Each structure stands twice: as structure tokens, then as C-alpha cells.
file query_25.cif (mmCIF, C-alpha atoms)
data_start
loop_
_atom_site.label_atom_id
_atom_site.label_comp_id
_atom_site.auth_asym_id
_atom_site.auth_seq_id
_atom_site.Cartn_x
_atom_site.Cartn_y
_atom_site.Cartn_z
CA MET A 1 141.42 104.73 65.91
CA ASN A 2 140.40 107.09 68.74
CA ARG A 3 136.74 106.29 68.31
CA PHE A 4 137.51 102.64 69.21
CA ILE A 5 139.71 103.45 72.18
CA ALA A 6 137.26 105.82 73.92
CA PRO A 7 134.42 103.24 74.27
CA LEU A 8 136.93 100.65 75.44
CA LEU A 9 138.27 102.98 78.13
CA LEU A 10 134.72 103.89 79.17
CA ALA A 11 133.80 100.21 79.52
CA LEU A 12 136.88 99.58 81.66
CA MET A 13 136.07 102.52 83.93
CA LEU A 14 132.47 101.34 84.39
CA SER A 15 133.55 97.87 85.38
CA ALA A 16 135.61 99.35 88.22
CA CYS A 17 132.76 101.42 89.72
CA GLY A 18 131.66 98.70 92.16
CA LEU A 19 128.06 98.37 90.98
CA GLN A 20 126.61 94.92 91.39
CA PRO A 21 123.31 93.49 90.19
CA LEU A 22 120.64 93.59 92.89
CA TYR A 23 119.25 90.17 92.02
CA SER A 24 122.56 88.40 91.43
CA GLY A 25 122.29 84.70 92.06
CA GLY A 26 118.79 84.49 90.59
CA SER A 27 116.20 82.61 92.61
CA LYS A 28 118.91 81.19 94.91
CA GLY A 29 120.51 84.59 95.61
CA ALA A 30 120.36 86.49 98.90
CA VAL A 31 117.69 88.95 97.76
CA ALA A 32 115.30 86.35 96.31
CA THR A 33 115.76 84.11 99.35
CA THR A 34 115.06 86.95 101.79
CA LEU A 35 112.06 88.23 99.83
CA GLY A 36 110.64 84.71 99.70
CA SER A 37 110.85 84.47 103.49
CA VAL A 38 108.56 87.48 104.09
CA SER A 39 104.93 86.96 105.09
CA VAL A 40 102.56 89.87 104.54
CA ALA A 41 100.17 90.62 107.39
CA THR A 42 96.51 91.24 106.62
CA ILE A 43 95.79 94.86 105.64
CA GLU A 44 92.34 96.35 106.24
CA GLY A 45 89.94 97.50 103.53
CA LYS A 46 89.73 97.17 99.79
CA SER A 47 93.01 99.01 99.25
CA GLY A 48 94.59 96.70 101.83
CA TRP A 49 93.33 93.61 100.04
CA LEU A 50 94.73 94.89 96.74
CA MET A 51 98.05 95.84 98.36
CA ARG A 52 98.48 92.51 100.12
CA ASN A 53 97.83 90.63 96.89
CA ALA A 54 100.30 92.81 94.97
CA LEU A 55 102.97 92.34 97.63
CA THR A 56 102.41 88.59 97.91
CA ASP A 57 102.72 88.25 94.12
CA ARG A 58 105.97 90.23 94.01
CA LEU A 59 107.59 88.65 97.05
CA GLY A 60 106.73 85.06 96.27
CA ALA A 61 105.83 84.96 99.96
CA GLN A 62 105.92 81.67 101.79
CA ASP A 63 103.55 80.26 104.37
CA SER A 64 103.61 82.43 107.50
CA ASN A 65 104.68 79.38 109.57
CA VAL A 66 108.11 79.27 107.86
CA ALA A 67 108.60 83.01 107.33
CA GLN A 68 111.66 84.74 108.76
CA PHE A 69 110.10 88.20 108.44
CA ARG A 70 106.63 89.68 108.74
CA LEU A 71 105.68 92.76 106.74
CA VAL A 72 103.13 95.01 108.41
CA VAL A 73 101.60 97.70 106.20
CA THR A 74 99.30 100.58 107.17
CA LEU A 75 97.63 102.44 104.30
CA ASP A 76 96.28 105.98 104.00
CA ASP A 77 93.99 106.24 100.96
CA ARG A 78 92.50 109.66 100.17
CA ILE A 79 90.51 111.24 97.38
CA GLU A 80 90.46 115.02 97.08
CA GLY A 81 88.60 117.16 94.58
CA PHE A 82 90.69 119.99 93.19
CA GLY A 83 89.26 121.04 89.84
CA VAL A 84 86.17 123.14 90.53
CA ARG A 85 83.83 124.85 88.05
CA ALA A 86 82.01 128.14 88.64
CA ASP A 87 78.95 126.16 89.82
CA ASP A 88 81.08 124.42 92.51
CA THR A 89 81.11 121.02 90.81
CA VAL A 90 84.36 119.07 90.97
CA THR A 91 85.93 118.26 87.60
CA ARG A 92 89.13 116.57 88.75
CA GLU A 93 90.15 114.45 91.71
CA ARG A 94 93.47 113.28 93.09
CA ARG A 95 93.71 109.87 94.73
CA THR A 96 96.67 109.50 97.04
CA LEU A 97 97.86 106.21 98.49
CA ARG A 98 100.53 106.27 101.21
CA ALA A 99 101.92 103.23 102.97
CA ARG A 100 103.91 102.95 106.16
CA TYR A 101 105.51 99.55 106.31
CA GLN A 102 107.58 97.72 108.86
CA LEU A 103 109.66 94.61 108.31
CA ILE A 104 109.76 92.63 111.54
CA SER A 105 112.09 89.74 112.30
CA VAL A 106 109.97 86.78 113.41
CA ALA A 107 112.82 85.33 115.49
CA THR A 108 113.51 88.46 117.56
CA GLY A 109 110.36 90.53 117.17
CA LYS A 110 112.53 93.55 116.30
CA THR A 111 111.61 95.97 113.54
CA VAL A 112 114.51 95.81 111.08
CA LEU A 113 113.07 98.26 108.55
CA ASP A 114 110.53 101.06 109.01
CA ALA A 115 109.77 103.17 105.94
CA THR A 116 107.08 104.80 103.82
CA ALA A 117 106.06 104.70 100.17
CA GLY A 118 103.38 106.46 98.20
CA SER A 119 102.01 107.64 94.92
CA ASP A 120 99.08 109.63 93.57
CA ALA A 121 96.92 109.70 90.47
CA GLY A 122 94.63 112.23 88.82
CA ILE A 123 91.06 111.26 87.99
CA ASP A 124 88.68 113.04 85.64
CA VAL A 125 85.22 113.42 87.11
CA ALA A 126 82.84 112.43 84.33
CA GLY A 127 79.18 113.29 83.94
CA SER A 128 78.34 109.70 84.82
CA GLU A 129 78.68 108.64 88.46
CA TYR A 130 79.49 105.10 87.30
CA ALA A 131 82.37 106.36 85.14
CA THR A 132 83.77 108.39 88.03
CA ILE A 133 83.63 105.41 90.40
CA ALA A 134 85.25 103.20 87.75
CA GLY A 135 88.03 105.80 87.37
CA GLU A 136 88.57 105.92 91.14
CA ASN A 137 88.77 102.11 91.29
CA SER A 138 91.22 101.94 88.37
CA ALA A 139 93.36 104.59 90.03
CA LEU A 140 93.40 102.56 93.26
CA GLU A 141 94.43 99.39 91.43
CA ASN A 142 97.26 101.21 89.64
CA LEU A 143 98.42 102.96 92.81
CA THR A 144 98.61 99.71 94.77
CA GLN A 145 100.83 98.26 92.03
CA LYS A 146 103.15 101.29 92.10
CA VAL A 147 103.41 101.41 95.87
CA ALA A 148 103.95 97.64 96.06
CA ASP A 149 106.83 98.03 93.58
CA GLN A 150 108.35 100.75 95.78
CA ILE A 151 108.06 98.59 98.89
CA VAL A 152 109.59 95.52 97.25
CA THR A 153 112.44 97.60 95.83
CA ARG A 154 113.24 98.94 99.31
CA LEU A 155 113.01 95.44 100.81
CA SER A 156 115.38 94.20 98.09
CA ILE A 157 117.90 96.89 98.96
CA TYR A 158 117.62 95.90 102.61
CA ALA A 159 118.08 92.23 101.75
CA ARG A 160 121.15 93.01 99.63
CA GLY A 161 122.74 94.80 102.59
CA GLU A 162 122.30 91.91 105.03
#

call {"tool": "encode", "arguments": {"input": "query_25.cif", "output": "C-alpha cells"}}
result
Amino acid sequence: MNRFIAPLLLALMLSACGLQPLYSGGSKGAVATTLGSVSVATIEGKSGWLMRNALTDRLGAQDSNVAQFRLVVTLDDRIEGFGVRADDTVTRERRTLRARYQLISVATGKTVLDATAGSDAGIDVAGSEYATIAGENSALENLTQKVADQIVTRLSIYARGE
């Protein structure tokens, strides 16, 4: 009998904790509506192009003429060698992608959110230069996806609090 009562009590306690789904209301909810009203400004470079595409896909961004918010992103993309052999050749690299982003209200011009996001990835330096470049490009693609997820999560939290 006790093994049935304990899960029931636990379920009742969890329902009273005040947690609410972030995306409640689905596509008509506050979060989805706010995210859909964000236009993403152009970001320089290859990493910027990848980031803007990732953000636009996740936000479901509208035409910039009807947007309520503008997202401005500045990226810092670095590759550092850190695994070194006795003959001074690099065997491992770390690619780091950091983003500073600002959410700006189009109506007022005020910055309503100013934050950072980032991630890094390890890359094996192969004997082939082509393989190393392909690894660096794959790392960049994966990093832009991770950082875009972080940005959209933070924007969702902001939208939920409005």
C-alpha cells in the first residue's frame, strides 16, 4: 500500500512547485509570438552567415518590416593549437565560438536584452590539410548550432517574462 501512496504524494508535491511549460500555448503562445517577431541583423563572415541562418530557422523570423525586435549578434571565432609534438607540429586544435547578442526593441530603440553565449570544440589535426580544414568547418557548423540554441533559449526565457 505504501508503494502506491509515495508516488501519489510526490506527484501532488510536484504539481504545486509552480513550474510552467516554456512554450505553453503552442504557436499562438507568448514565447512563440515574441520569437516570431524577431528579425536577425546581418552578421559578418562565414560564421556569421551560418549563425544567422541557424537563428532564423529557430526563431521563425518574420520580415524585418513587421518585426518588433531586432537581434544584433557579434561573433568571436578562434582556432588555437594546443596539442604539440616534439617536432613542434600541432596535433589538436580547439575552435571557440563566442557570441555577444543584443535584443533591441524596434519601437523604442532600447536594448532589452544584452547577453553572451558560447561553445568550443576539439579538432584532430590530420596528416592531410584537406581533412584538417574539413574538421574545422564541421566544428564551426556544429558550434553555430549550439550557440544558436543557447541564444534562442535565452530569448525564450526573456519572452516568457514579458

call {"tool": "atom_distance", "arguments": {"input": "query_25.cif", "atom1": "atom CA of A:Gly45", "atom2": "atom CA of A:Leu97"}}
result
12.8 Å

call {"tool": "resolve_selection", "arguments": {"input": "query_25.cif", "expression": "the PyMOL selection byres ((chain A and resi 74) around 7)", "output": "JSON, numbers by chain"}}
result
{"A": [43, 72, 73, 75, 76, 99, 100, 101]}

call {"tool": "residues_around", "arguments": {"input": "query_25.cif", "residues": "A:Thr91", "least_positions_apart": "3", "cutoff": "10 Å", "atoms": "only C-alpha atoms", "output": "number ranges by chain"}}
result
A: 81-85, 88, 123-127

call {"tool": "closest_residue", "arguments": {"input": "query_25.cif", "among": "A:Thr56, A:Ser37, A:Ser47, A:Ser156", "to": "A:Leu113", "atoms": "only C-alpha atoms"}}
result
A:Ser156

call {"tool": "atom_distance", "arguments": {"input": "query_25.cif", "atom1": "atom CA of A:Arg92", "atom2": "atom CA of A:Ala117"}}
result
23.6 Å
